file coords23.txt (compact mmCIF, C-alpha atoms)
# COMPACT_ATOMS: atom_id res chain seq x y z
CA MET F 1 -35.38 22.03 36.86
CA ASN F 2 -33.42 18.94 37.88
CA VAL F 3 -35.15 16.93 35.17
CA LEU F 4 -34.23 19.58 32.62
CA PHE F 5 -30.63 19.59 33.82
CA GLY F 6 -30.54 15.79 33.69
CA ILE F 7 -31.78 15.80 30.11
CA LEU F 8 -29.16 18.41 29.19
CA HIS F 9 -26.45 16.18 30.66
CA GLN F 10 -27.57 13.34 28.44
CA THR F 11 -26.96 15.43 25.32
CA GLY F 12 -23.61 16.07 23.80
CA PHE F 13 -23.58 19.82 24.46
CA LEU F 14 -22.25 19.77 28.01
CA ASN F 15 -19.63 17.19 27.13
CA LEU F 16 -18.10 18.96 24.15
CA THR F 17 -14.40 19.78 24.35
CA TRP F 18 -12.34 22.02 22.04
CA GLY F 19 -10.96 18.92 20.35
CA HIS F 20 -14.33 17.76 19.03
CA PRO F 21 -14.95 20.65 16.60
CA VAL F 22 -11.31 20.44 15.49
CA MET F 23 -11.85 16.80 14.53
CA TRP F 24 -15.15 17.67 12.78
CA VAL F 25 -13.12 20.02 10.59
CA VAL F 26 -10.58 17.25 9.91
CA GLY F 27 -13.38 14.82 8.99
CA LEU F 28 -15.15 17.38 6.80
CA PHE F 29 -11.85 18.24 5.11
CA PHE F 30 -11.40 14.61 4.04
CA LEU F 31 -15.01 14.48 2.86
CA TYR F 32 -14.30 17.63 0.83
CA LEU F 33 -11.20 16.05 -0.72
CA ALA F 34 -13.18 12.94 -1.60
CA ILE F 35 -16.40 14.51 -2.85
CA VAL F 36 -15.19 17.72 -4.48
CA LYS F 37 -11.62 16.85 -5.47
CA LYS F 38 -12.37 13.15 -6.13
CA PHE F 39 -9.26 12.05 -4.18
CA GLU F 40 -9.62 8.32 -3.34
CA PRO F 41 -13.37 8.76 -2.70
CA LEU F 42 -14.04 5.07 -2.03
CA LEU F 43 -11.86 5.29 1.06
CA LEU F 44 -11.89 8.92 2.09
CA VAL F 45 -15.72 9.14 2.24
CA PRO F 46 -16.05 6.38 4.89
CA ILE F 47 -12.88 7.55 6.68
CA GLY F 48 -14.03 11.19 6.72
CA PHE F 49 -17.49 10.27 7.96
CA GLY F 50 -15.98 7.94 10.57
CA ILE F 51 -13.81 10.79 11.90
CA PHE F 52 -16.80 13.14 11.94
CA ILE F 53 -19.33 10.90 13.65
CA VAL F 54 -17.05 9.42 16.28
CA ASN F 55 -16.11 12.87 17.56
CA PHE F 56 -19.45 13.67 19.13
CA PRO F 57 -19.47 13.11 22.88
CA LEU F 58 -21.48 10.23 24.39
CA THR F 59 -22.01 8.48 21.05
CA PRO F 60 -22.02 4.70 21.63
CA LEU F 61 -19.76 3.84 18.70
CA MET F 62 -16.22 2.99 19.75
CA GLY F 63 -16.61 1.96 23.37
CA VAL F 64 -17.85 -1.09 25.21
CA SER F 65 -21.24 -1.15 26.93
CA LYS F 66 -21.68 -1.78 30.67
CA GLU F 67 -22.59 -5.36 29.79
CA GLY F 68 -19.24 -5.74 28.03
CA ILE F 69 -20.70 -5.69 24.53
CA PRO F 70 -18.59 -3.74 22.01
CA GLU F 71 -20.37 -0.87 20.28
CA LEU F 72 -21.00 -0.75 16.53
CA LEU F 73 -17.74 0.68 15.11
CA GLN F 74 -15.79 -1.09 17.85
CA VAL F 75 -17.15 -4.37 16.43
CA PHE F 76 -15.92 -3.46 12.93
CA TYR F 77 -12.58 -2.37 14.35
CA ARG F 78 -12.03 -5.30 16.66
CA TYR F 79 -12.99 -8.11 14.32
CA GLY F 80 -11.91 -6.43 11.09
CA ILE F 81 -8.71 -4.59 11.92
CA SER F 82 -7.46 -5.78 15.33
CA TRP F 83 -7.80 -9.33 14.09
CA GLU F 84 -6.19 -8.25 10.79
CA VAL F 85 -9.00 -9.70 8.70
CA ILE F 86 -9.97 -6.74 6.51
CA PRO F 87 -6.53 -5.95 4.99
CA CYS F 88 -6.20 -9.60 3.96
CA VAL F 89 -9.69 -9.74 2.44
CA ILE F 90 -8.94 -6.52 0.52
CA PHE F 91 -5.81 -8.19 -0.83
CA LEU F 92 -7.95 -11.12 -1.97
CA GLY F 93 -10.07 -8.68 -3.99
CA LEU F 94 -7.01 -6.86 -5.33
CA GLY F 95 -5.50 -10.15 -6.43
CA ALA F 96 -8.71 -11.02 -8.27
CA MET F 97 -8.48 -7.70 -10.12
CA THR F 98 -4.78 -7.83 -10.97
CA ASP F 99 -3.23 -8.88 -14.26
CA PHE F 100 0.40 -9.82 -13.64
CA GLU F 101 1.22 -10.08 -17.36
CA PRO F 102 3.54 -7.00 -17.44
CA LEU F 103 5.50 -8.35 -14.48
CA ILE F 104 5.79 -11.88 -15.86
CA ALA F 105 6.83 -10.54 -19.27
CA ASN F 106 9.55 -8.34 -17.77
CA PRO F 107 10.56 -9.89 -14.42
CA LYS F 108 13.55 -7.59 -13.89
CA THR F 109 11.05 -4.89 -12.91
CA LEU F 110 10.70 -6.81 -9.64
CA LEU F 111 14.00 -5.23 -8.60
CA VAL F 112 12.51 -1.78 -9.22
CA GLY F 113 9.79 -2.67 -6.70
CA ALA F 114 12.54 -3.50 -4.22
CA GLY F 115 14.48 -0.28 -4.88
CA ALA F 116 11.33 1.74 -4.35
CA GLN F 117 11.31 0.61 -0.72
CA LEU F 118 14.25 2.94 -0.06
CA GLY F 119 11.97 5.54 1.53
CA VAL F 120 10.54 2.96 3.92
CA PHE F 121 13.97 2.45 5.44
CA VAL F 122 15.05 6.11 5.27
CA THR F 123 11.86 7.17 7.05
CA PHE F 124 12.44 4.52 9.67
CA ILE F 125 15.65 6.31 10.63
CA GLY F 126 13.97 9.73 10.39
CA SER F 127 11.21 8.56 12.72
CA LEU F 128 13.73 7.31 15.28
CA LEU F 129 15.49 10.69 15.18
CA LEU F 130 12.17 12.41 15.89
CA GLY F 131 11.69 10.33 19.02
CA PHE F 132 9.43 7.53 17.86
CA THR F 133 10.08 4.03 19.20
CA LEU F 134 11.49 1.28 16.97
CA LYS F 135 8.09 -0.31 16.41
CA GLU F 136 6.42 3.03 15.72
CA ALA F 137 9.21 3.91 13.27
CA GLY F 138 8.66 0.65 11.40
CA SER F 139 4.96 1.29 11.06
CA ILE F 140 5.52 4.90 9.90
CA GLY F 141 8.15 3.87 7.35
CA ILE F 142 5.76 1.60 5.50
CA ILE F 143 3.54 4.59 4.57
CA GLY F 144 5.89 5.33 1.65
CA GLY F 145 5.11 1.94 0.16
CA ALA F 146 1.77 3.54 -0.78
CA ASP F 147 -0.14 0.43 0.07
CA GLY F 148 -3.10 1.01 2.40
CA PRO F 149 -3.84 -2.58 3.48
CA THR F 150 -0.15 -3.32 4.13
CA THR F 151 0.20 -0.10 6.14
CA ILE F 152 -2.81 -1.08 8.24
CA TYR F 153 -1.60 -4.66 8.63
CA LEU F 154 1.87 -3.63 9.81
CA THR F 155 0.69 -0.75 12.00
CA GLN F 156 -1.82 -3.01 13.72
CA ALA F 157 0.96 -5.51 14.37
CA LEU F 158 3.57 -3.03 15.63
CA ALA F 159 1.96 0.22 16.82
CA PRO F 160 -1.87 0.00 16.84
CA HIS F 161 -2.20 3.41 18.54
CA LEU F 162 -0.87 5.02 15.32
CA LEU F 163 -3.35 3.26 13.06
CA GLY F 164 -5.55 6.27 12.26
CA ALA F 165 -2.67 8.63 11.49
CA ASN F 166 -0.71 6.08 9.44
CA ALA F 167 -3.68 4.91 7.40
CA LEU F 168 -4.78 8.46 6.77
CA ALA F 169 -1.27 9.51 5.70
CA ALA F 170 -0.98 6.49 3.37
CA TYR F 171 -4.34 7.01 1.66
CA SER F 172 -3.96 10.80 1.47
CA TYR F 173 -0.55 10.63 -0.15
CA MET F 174 -1.70 7.84 -2.49
CA ALA F 175 -4.38 10.23 -3.68
CA LEU F 176 -1.73 12.93 -4.15
CA VAL F 177 0.64 10.74 -6.21
CA PRO F 178 -0.06 12.76 -9.42
CA LEU F 179 1.08 15.91 -7.59
CA ILE F 180 3.98 14.51 -5.56
CA GLN F 181 5.77 12.34 -8.10
CA PRO F 182 6.21 14.38 -11.34
CA PRO F 183 8.59 17.03 -9.92
CA ILE F 184 10.79 14.29 -8.43
CA MET F 185 10.71 12.35 -11.71
CA ARG F 186 11.81 15.42 -13.67
CA LEU F 187 14.49 16.28 -11.12
CA LEU F 188 16.15 12.86 -11.23
CA THR F 189 16.04 12.11 -14.97
CA THR F 190 17.53 13.72 -18.05
CA ASP F 191 15.58 14.68 -21.18
CA LYS F 192 17.31 11.88 -23.06
CA GLU F 193 16.34 9.27 -20.47
CA ARG F 194 12.70 10.36 -20.49
CA GLN F 195 12.53 9.78 -24.23
CA ILE F 196 13.68 6.15 -24.10
CA VAL F 197 11.17 4.00 -25.98
CA MET F 198 10.92 0.54 -24.48
CA GLN F 199 10.49 -2.65 -26.47
CA ASN F 200 7.03 -4.17 -26.62
CA LEU F 201 6.36 -6.74 -23.93
CA ARG F 202 6.10 -10.36 -25.02
CA LYS F 203 2.79 -12.20 -24.76
CA VAL F 204 2.42 -14.34 -21.68
CA SER F 205 0.75 -17.74 -21.88
CA ARG F 206 -2.19 -18.81 -19.74
CA THR F 207 -0.12 -21.51 -18.05
CA GLU F 208 2.47 -18.94 -16.94
CA LYS F 209 -0.27 -16.76 -15.53
CA ILE F 210 -1.78 -19.65 -13.60
CA LEU F 211 1.58 -20.77 -12.23
CA PHE F 212 2.70 -17.25 -11.21
CA PRO F 213 0.55 -16.93 -8.05
CA LEU F 214 1.59 -20.42 -6.95
CA ILE F 215 5.30 -19.71 -7.43
CA ALA F 216 5.09 -16.26 -5.84
CA ALA F 217 3.09 -17.55 -2.85
CA GLY F 218 5.54 -20.42 -2.36
CA ILE F 219 8.61 -18.17 -2.43
CA ILE F 220 7.04 -15.63 -0.07
CA ALA F 221 5.87 -18.36 2.31
CA LEU F 222 9.41 -19.75 2.48
CA LEU F 223 11.28 -16.44 2.78
CA ILE F 224 8.95 -14.08 4.65
CA PRO F 225 6.23 -16.16 6.29
CA ALA F 226 5.08 -13.16 8.39
CA VAL F 227 3.23 -11.69 5.40
CA VAL F 228 1.63 -14.85 4.09
CA PRO F 229 -1.82 -13.82 5.37
CA LEU F 230 -1.60 -10.78 3.07
CA MET F 231 0.29 -12.15 0.10
CA GLY F 232 -1.31 -15.57 0.28
CA MET F 233 -4.73 -13.99 -0.12
CA PHE F 234 -3.40 -11.72 -2.87
CA MET F 235 -2.09 -14.68 -4.83
CA PHE F 236 -5.20 -16.76 -4.13
CA GLY F 237 -7.36 -13.97 -5.56
CA ASN F 238 -5.14 -13.89 -8.64
CA LEU F 239 -5.23 -17.66 -9.03
CA MET F 240 -9.05 -17.54 -8.98
CA LYS F 241 -8.97 -14.94 -11.75
CA GLU F 242 -6.40 -16.67 -13.93
CA CYS F 243 -7.59 -20.27 -13.62
CA GLY F 244 -10.86 -19.23 -15.24
CA VAL F 245 -13.01 -21.92 -13.63
CA VAL F 246 -14.40 -19.98 -10.64
CA GLY F 247 -15.90 -16.96 -12.37
CA ARG F 248 -18.58 -16.45 -9.73
CA LEU F 249 -16.05 -16.43 -6.88
CA THR F 250 -13.80 -14.05 -8.80
CA GLU F 251 -16.66 -11.65 -9.47
CA THR F 252 -17.63 -11.67 -5.79
CA ALA F 253 -14.05 -11.07 -4.65
CA GLN F 254 -13.61 -8.21 -7.16
CA GLY F 255 -16.97 -6.61 -6.47
CA ALA F 256 -19.33 -7.20 -3.57
CA LEU F 257 -16.81 -8.55 -1.07
CA MET F 258 -14.28 -5.83 -1.83
CA ASN F 259 -16.93 -3.11 -1.49
CA ILE F 260 -18.26 -4.45 1.81
CA VAL F 261 -14.85 -4.66 3.47
CA THR F 262 -13.89 -1.23 2.09
CA ILE F 263 -16.87 0.29 3.93
CA PHE F 264 -15.92 -1.44 7.19
CA LEU F 265 -12.25 -0.54 6.74
CA GLY F 266 -12.90 3.15 6.09
CA LEU F 267 -15.33 3.60 8.96
CA SER F 268 -13.10 1.70 11.39
CA VAL F 269 -9.98 3.67 10.47
CA GLY F 270 -11.87 6.96 10.73
CA ALA F 271 -13.33 5.91 14.07
CA THR F 272 -9.87 5.42 15.58
CA MET F 273 -9.26 9.15 15.23
CA GLN F 274 -10.96 10.38 18.37
CA ALA F 275 -9.98 13.87 19.54
CA ASP F 276 -8.41 12.77 22.82
CA LYS F 277 -6.15 10.27 21.04
CA PHE F 278 -5.46 12.09 17.79
CA LEU F 279 -4.80 15.69 18.80
CA ASN F 280 -1.12 15.56 19.70
CA PRO F 281 2.07 16.31 17.74
CA LYS F 282 2.63 12.71 16.60
CA PRO F 283 0.05 12.63 13.77
CA LEU F 284 1.45 15.88 12.38
CA MET F 285 4.97 14.44 12.48
CA ILE F 286 3.68 11.29 10.76
CA LEU F 287 2.13 13.36 7.97
CA SER F 288 5.43 15.21 7.47
CA LEU F 289 7.46 11.99 7.52
CA GLY F 290 5.00 10.43 5.08
CA ILE F 291 5.73 12.91 2.32
CA VAL F 292 9.50 12.49 2.77
CA ASP F 293 8.92 8.75 2.64
CA PHE F 294 7.01 9.04 -0.65
CA ALA F 295 9.72 11.20 -2.17
CA PHE F 296 12.47 8.72 -1.28
CA CYS F 297 10.43 5.74 -2.49
CA THR F 298 9.85 7.48 -5.83
CA ALA F 299 13.55 8.33 -6.07
CA GLY F 300 14.55 4.79 -5.07
CA GLY F 301 12.55 3.33 -7.95
CA ILE F 302 14.01 5.77 -10.48
CA TRP F 303 17.58 5.21 -9.27
CA THR F 304 17.10 1.43 -9.46
CA VAL F 305 16.05 1.67 -13.13
CA GLN F 306 19.07 3.87 -13.84
CA ILE F 307 21.39 1.34 -12.16
CA ILE F 308 19.80 -1.60 -14.03
CA ASN F 309 20.28 0.35 -17.29
CA TRP F 310 24.06 0.31 -16.77
CA PHE F 311 23.94 -3.44 -17.41
CA LEU F 312 21.50 -3.48 -20.31
CA LYS F 313 22.19 -3.20 -24.03
CA LYS F 314 21.03 0.03 -25.66
CA GLU F 315 17.99 -1.57 -27.30
CA ASN F 316 16.83 -3.11 -23.99
CA LYS F 317 17.17 -0.05 -21.77
CA MET F 318 14.26 0.90 -19.53
CA ASN F 319 12.78 4.38 -19.28
CA PRO F 320 13.54 5.61 -15.72
CA LEU F 321 10.11 7.24 -15.57
CA ILE F 322 8.65 3.78 -14.91
CA GLY F 323 10.77 3.57 -11.73
CA SER F 324 8.48 5.93 -9.88
CA ALA F 325 5.69 3.35 -10.28
CA GLY F 326 7.65 1.13 -7.89
CA VAL F 327 5.63 2.70 -5.06
CA SER F 328 2.55 0.49 -5.15
CA ALA F 329 -0.40 2.96 -5.55
CA VAL F 330 -1.83 0.74 -8.31
CA PRO F 331 -2.51 1.89 -10.98
CA MET F 332 -2.20 5.60 -10.28
CA SER F 333 1.59 5.79 -10.21
CA ALA F 334 1.79 3.79 -13.47
CA ARG F 335 -0.56 6.34 -15.04
CA VAL F 336 1.71 9.14 -13.82
CA SER F 337 4.64 7.45 -15.64
CA GLN F 338 2.52 7.23 -18.78
CA VAL F 339 1.48 10.90 -18.64
CA GLU F 340 5.03 12.10 -17.96
CA GLY F 341 6.44 9.88 -20.73
CA LEU F 342 4.00 11.26 -23.29
CA LYS F 343 5.09 14.80 -22.46
CA TYR F 344 8.58 14.08 -23.76
CA ASN F 345 7.81 11.65 -26.57
CA LYS F 346 4.32 11.61 -28.08
CA ARG F 347 4.73 7.99 -29.21
CA ASN F 348 6.02 6.65 -25.90
CA TYR F 349 3.36 4.57 -24.17
CA LEU F 350 4.78 3.55 -20.81
CA LEU F 351 1.62 2.39 -19.04
CA MET F 352 2.05 -1.36 -19.50
CA HIS F 353 5.79 -1.13 -18.84
CA ALA F 354 5.11 0.81 -15.63
CA MET F 355 2.59 -1.77 -14.44
CA GLY F 356 5.50 -4.19 -13.87
CA PRO F 357 7.25 -2.04 -11.22
CA ASN F 358 3.83 -1.04 -9.91
CA LEU F 359 2.88 -4.65 -9.12
CA ALA F 360 6.42 -5.35 -7.92
CA GLY F 361 5.94 -2.44 -5.52
CA VAL F 362 2.96 -4.21 -3.94
CA ILE F 363 5.08 -7.32 -3.39
CA GLY F 364 8.10 -5.24 -2.29
CA THR F 365 6.07 -3.30 0.28
CA ALA F 366 4.69 -6.54 1.68
CA ALA F 367 8.24 -7.92 1.80
CA ALA F 368 9.42 -4.82 3.69
CA ALA F 369 6.46 -5.18 6.08
CA GLY F 370 7.39 -8.82 6.63
CA MET F 371 10.96 -7.77 7.38
CA PHE F 372 9.76 -5.30 10.02
CA ILE F 373 7.42 -7.84 11.61
CA ALA F 374 10.25 -10.38 11.75
CA MET F 375 12.53 -7.71 13.24
CA PHE F 376 10.25 -6.71 16.10
CA LYS F 377 7.96 -9.63 16.91
CA MET O 1 10.64 5.75 26.22
CA GLU O 2 12.74 2.69 25.40
CA PRO O 3 16.40 3.49 24.64
CA ILE O 4 17.37 2.89 21.01
CA ASN O 5 20.27 0.64 20.17
CA TRP O 6 21.44 2.49 17.06
CA SER O 7 23.96 -0.06 15.88
CA PHE O 8 21.28 -2.77 16.05
CA ALA O 9 18.72 -0.55 14.32
CA LEU O 10 21.00 0.51 11.46
CA SER O 11 22.67 -2.81 10.78
CA SER O 12 19.48 -4.80 10.89
CA LEU O 13 17.80 -2.15 8.75
CA PHE O 14 20.48 -2.45 6.09
CA ILE O 15 20.30 -6.24 6.11
CA ARG O 16 16.54 -6.13 5.72
CA PHE O 17 16.65 -3.61 2.88
CA VAL O 18 19.05 -5.94 1.08
CA GLY O 19 16.72 -8.77 2.07
CA VAL O 20 13.84 -7.19 0.12
CA PHE O 21 16.07 -7.21 -2.98
CA ILE O 22 17.01 -10.83 -2.38
CA VAL O 23 13.38 -11.92 -1.99
CA LEU O 24 12.36 -10.18 -5.21
CA ALA O 25 15.46 -11.38 -7.05
CA ILE O 26 14.64 -14.98 -6.10
CA MET O 27 11.09 -14.40 -7.29
CA GLN O 28 12.49 -13.08 -10.57
CA ILE O 29 14.53 -16.24 -11.02
CA GLY O 30 11.44 -18.33 -10.23
CA ILE O 31 9.39 -16.50 -12.86
CA ARG O 32 12.11 -16.73 -15.51
CA LEU O 33 12.68 -20.41 -14.85
CA SER O 34 9.00 -21.33 -14.93
CA SER O 35 8.44 -19.24 -18.08
CA TYR O 36 11.39 -20.94 -19.75
CA LEU O 37 10.23 -24.43 -18.81
CA ILE O 38 6.64 -23.78 -19.87
CA ASN O 39 7.59 -22.26 -23.20
CA ARG O 40 10.16 -24.99 -23.83
CA PHE O 41 8.17 -28.06 -22.90
CA ALA O 42 4.48 -27.12 -22.75
CA PRO O 43 3.87 -24.05 -24.87
CA ASP O 44 0.32 -22.82 -25.20
CA GLN O 45 -1.48 -19.91 -26.78
CA PRO O 46 -1.10 -16.46 -25.22
CA SER O 47 -4.03 -15.97 -22.88
CA ALA O 48 -6.97 -13.78 -23.78
CA LYS O 49 -7.03 -10.50 -21.87
CA GLY O 50 -9.02 -10.68 -18.63
CA ALA O 51 -9.74 -14.39 -18.84
CA LYS O 52 -12.47 -15.43 -16.47

call {"tool": "encode", "arguments": {"input": "coords23.txt", "output": "structure tokens"}}
result
Amino acid sequence: MNVLFGILHQTGFLNLTWGHPVMWVVGLFFLYLAIVKKFEPLLLVPIGFGIFIVNFPLTPLMGVSKEGIPELLQVFYRYGISWEVIPCVIFLGLGAMTDFEPLIANPKTLLVGAGAQLGVFVTFIGSLLLGFTLKEAGSIGIIGGADGPTTIYLTQALAPHLLGANALAAYSYMALVPLIQPPIMRLLTTDKERQIVMQNLRKVSRTEKILFPLIAAGIIALLIPAVVPLMGMFMFGNLMKECGVVGRLTETAQGALMNIVTIFLGLSVGATMQADKFLNPKPLMILSLGIVDFAFCTAGGIWTVQIINWFLKKENKMNPLIGSAGVSAVPMSARVSQVEGLKYNKRNYLLMHAMGPNLAGVIGTAAAAGMFIAMFK
Amino acid sequence: MEPINWSFALSSLFIRFVGVFIVLAIMQIGIRLSSYLINRFAPDQPSAKGAK
């Protein structure tokens, strides 16, 4: 009988708490969103499975063994996220996939990327009012930048205990960009503004494209050195792509390397969401703040375009619908601008114009993250 | 919980929001200047899409 009881104690059954099944439901919900609804499947499948599997009692995944050896997902988490390696490697891959031509051809869209950080700062204040600490508020604010790796990078630096909730909020809302943004875009623009047809972008030479990552990396390194690990890798990836002499490295960064770190990132983030740490009011508040954050970031981008338009001649005016793409979420928010633009003018193709603010949003979010790191560290 | 110094939080927040604009504005100037210099002194053909 004792043997039988001993065996039973080694199973998960006697160690289950009410929180475990709740977290299974959360994990399965994200798997449902990814598999059935196709929302950010590359990230939500590993995150959802990570949440599910780590919430079984006695599983040797996120702890440290008696001999002091970290368990499997703890290894991914410690060396990938705690050491802030994975977000930077993902930025390397993103840089190798990015074509900065729309941004170089129309550099004033960089300001739209800055304006779209409005929500980051508004949410910071909202988070403080809800009782979060300064560092926690900084990490929550960055969710609205709609940039997963930057959110993870900043949260790990300022409030690592919020990593799961912040990353999940960022990726979930990024997936919901096509639902969240259009009503705000329609609310803040007039029919006339939505029909503005923008001039074709000029062609950008190869030399300009090669020099861009060097100039951008240099400026960022001088002004906000705290985010050079992220932006330096981003620009290095882009330099590899544009220089055209390291095709094999570029292909690896865009493909295999990116896929490998995405698996580790998703599982590690999911694994941080253990029932005893996650089931409290804070994650729910973060999810609520996240949507407010997104709304203000979208509005900030649109308002910035409208302000810039005051100073432009009629033939050079920008369509404010591209302002919403100032939240990074590349390229989904640019596609939303395109779809919305076509609804009001069948010949208005805004995609390439919206890619400028979209890429500026990536840089703007990293700049905001750098500002927060400099503020608190 | 640590007490919040609201005047510090709000003023430094405002400065940093403006700071994001300044960083991106400087980057804009850098791009414009380099584009001007390249097109003025060393023009080349527009690059092929997705050059590898």

call {"tool": "residues_around", "arguments": {"input": "coords23.txt", "residues": "region 153-165 of chain F", "least_positions_apart": "2", "cutoff": "9 Å", "atoms": "all atoms listed in the file", "output": "number ranges by chain"}}
result
F: 81-88, 135-140, 142, 148-151, 167-170, 230, 268-273, 277-278, 282-284, 286-287, 369-370, 372-373, 376-377

call {"tool": "interface_residues", "arguments": {"input": "coords23.txt", "of": "chain F", "to": "chain O", "cutoff": "8 Å", "atoms": "all atoms listed in the file", "output": "short mmCIF file (atom, residue, chain, number, x, y, z; two decimals) with C-alpha atoms, in the coordinates of the input"}}
result
data_model
loop_
_atom_site.label_atom_id
_atom_site.label_comp_id
_atom_site.auth_asym_id
_atom_site.auth_seq_id
_atom_site.Cartn_x
_atom_site.Cartn_y
_atom_site.Cartn_z
CA ASP F 99 -3.23 -8.88 -14.26
CA ILE F 104 5.79 -11.88 -15.86
CA PRO F 107 10.56 -9.89 -14.42
CA LYS F 108 13.55 -7.59 -13.89
CA LEU F 110 10.70 -6.81 -9.64
CA LEU F 111 14.00 -5.23 -8.60
CA ALA F 114 12.54 -3.50 -4.22
CA GLY F 115 14.48 -0.28 -4.88
CA GLN F 117 11.31 0.61 -0.72
CA LEU F 118 14.25 2.94 -0.06
CA PHE F 121 13.97 2.45 5.44
CA ILE F 125 15.65 6.31 10.63
CA THR F 133 10.08 4.03 19.20
CA LEU F 134 11.49 1.28 16.97
CA LYS F 203 2.79 -12.20 -24.76
CA VAL F 204 2.42 -14.34 -21.68
CA SER F 205 0.75 -17.74 -21.88
CA ARG F 206 -2.19 -18.81 -19.74
CA THR F 207 -0.12 -21.51 -18.05
CA GLU F 208 2.47 -18.94 -16.94
CA LEU F 211 1.58 -20.77 -12.23
CA PHE F 212 2.70 -17.25 -11.21
CA ILE F 215 5.30 -19.71 -7.43
CA ALA F 216 5.09 -16.26 -5.84
CA ILE F 219 8.61 -18.17 -2.43
CA ILE F 220 7.04 -15.63 -0.07
CA LEU F 223 11.28 -16.44 2.78
CA LYS F 241 -8.97 -14.94 -11.75
CA GLU F 242 -6.40 -16.67 -13.93
CA CYS F 243 -7.59 -20.27 -13.62
CA GLY F 244 -10.86 -19.23 -15.24
CA VAL F 245 -13.01 -21.92 -13.63
CA VAL F 246 -14.40 -19.98 -10.64
CA GLY F 247 -15.90 -16.96 -12.37
CA THR F 250 -13.80 -14.05 -8.80
CA GLY F 364 8.10 -5.24 -2.29
CA ALA F 367 8.24 -7.92 1.80
CA ALA F 368 9.42 -4.82 3.69
CA MET F 371 10.96 -7.77 7.38
CA MET F 375 12.53 -7.71 13.24
#

call {"tool": "atom_distance", "arguments": {"input": "coords23.txt", "atom1": "CA of Ala329 (chain F)", "atom2": "CA of Arg194 (chain F)"}}
result
21.2 Å

call {"tool": "residues_near_point", "arguments": {"input": "coords23.txt", "point": "(-6.8, 11.9, 1.5)", "cutoff": "7 Å", "atoms": "all atoms listed in the file", "output": "list in words"}}
result
Phe30, Leu33, Phe39, Glu40, Leu44, Leu168, Tyr171, Ser172, Tyr173 and Ala175 of chain F

call {"tool": "atom_distance", "arguments": {"input": "coords23.txt", "atom1": "CA of Phe294 (chain F)", "atom2": "CA of Arg335 (chain F)"}}
result
16.5 Å

call {"tool": "build_atoms", "arguments": {"input": "coords23.txt", "residues": "region 205-217 of chain F", "atoms": "N, CA and C atoms", "output": "PDB file, keeping the file's coordinate frame"}}
result
ATOM      1  N   SER F 205       1.730 -16.669 -21.689  1.00  0.00           N
ATOM      2  CA  SER F 205       0.750 -17.740 -21.880  1.00  0.00           C
ATOM      3  C   SER F 205      -0.123 -17.915 -20.640  1.00  0.00           C
ATOM      4  N   ARG F 206      -1.252 -18.596 -20.849  1.00  0.00           N
ATOM      5  CA  ARG F 206      -2.190 -18.810 -19.740  1.00  0.00           C
ATOM      6  C   ARG F 206      -1.547 -19.654 -18.645  1.00  0.00           C
ATOM      7  N   THR F 207      -0.764 -20.644 -19.045  1.00  0.00           N
ATOM      8  CA  THR F 207      -0.120 -21.510 -18.050  1.00  0.00           C
ATOM      9  C   THR F 207       0.810 -20.700 -17.149  1.00  0.00           C
ATOM     10  N   GLU F 208       1.574 -19.782 -17.755  1.00  0.00           N
ATOM     11  CA  GLU F 208       2.470 -18.940 -16.940  1.00  0.00           C
ATOM     12  C   GLU F 208       1.681 -18.110 -15.941  1.00  0.00           C
ATOM     13  N   LYS F 209       0.540 -17.602 -16.422  1.00  0.00           N
ATOM     14  CA  LYS F 209      -0.270 -16.760 -15.530  1.00  0.00           C
ATOM     15  C   LYS F 209      -0.856 -17.564 -14.378  1.00  0.00           C
ATOM     16  N   ILE F 210      -1.210 -18.819 -14.656  1.00  0.00           N
ATOM     17  CA  ILE F 210      -1.780 -19.650 -13.600  1.00  0.00           C
ATOM     18  C   ILE F 210      -0.685 -20.057 -12.596  1.00  0.00           C
ATOM     19  N   LEU F 211       0.495 -20.329 -13.123  1.00  0.00           N
ATOM     20  CA  LEU F 211       1.580 -20.770 -12.230  1.00  0.00           C
ATOM     21  C   LEU F 211       2.155 -19.623 -11.396  1.00  0.00           C
ATOM     22  N   PHE F 212       2.074 -18.382 -11.917  1.00  0.00           N
ATOM     23  CA  PHE F 212       2.700 -17.250 -11.210  1.00  0.00           C
ATOM     24  C   PHE F 212       2.258 -17.133  -9.752  1.00  0.00           C
ATOM     25  N   PRO F 213       0.928 -17.099  -9.463  1.00  0.00           N
ATOM     26  CA  PRO F 213       0.550 -16.930  -8.050  1.00  0.00           C
ATOM     27  C   PRO F 213       1.028 -18.078  -7.168  1.00  0.00           C
ATOM     28  N   LEU F 214       1.127 -19.282  -7.743  1.00  0.00           N
ATOM     29  CA  LEU F 214       1.590 -20.420  -6.950  1.00  0.00           C
ATOM     30  C   LEU F 214       3.075 -20.274  -6.624  1.00  0.00           C
ATOM     31  N   ILE F 215       3.855 -19.879  -7.648  1.00  0.00           N
ATOM     32  CA  ILE F 215       5.300 -19.710  -7.430  1.00  0.00           C
ATOM     33  C   ILE F 215       5.565 -18.559  -6.454  1.00  0.00           C
ATOM     34  N   ALA F 216       4.874 -17.433  -6.695  1.00  0.00           N
ATOM     35  CA  ALA F 216       5.090 -16.260  -5.840  1.00  0.00           C
ATOM     36  C   ALA F 216       4.693 -16.579  -4.392  1.00  0.00           C
ATOM     37  N   ALA F 217       3.545 -17.228  -4.222  1.00  0.00           N
ATOM     38  CA  ALA F 217       3.090 -17.550  -2.850  1.00  0.00           C
ATOM     39  C   ALA F 217       4.073 -18.498  -2.182  1.00  0.00           C
TER      40      ALA F 217
END
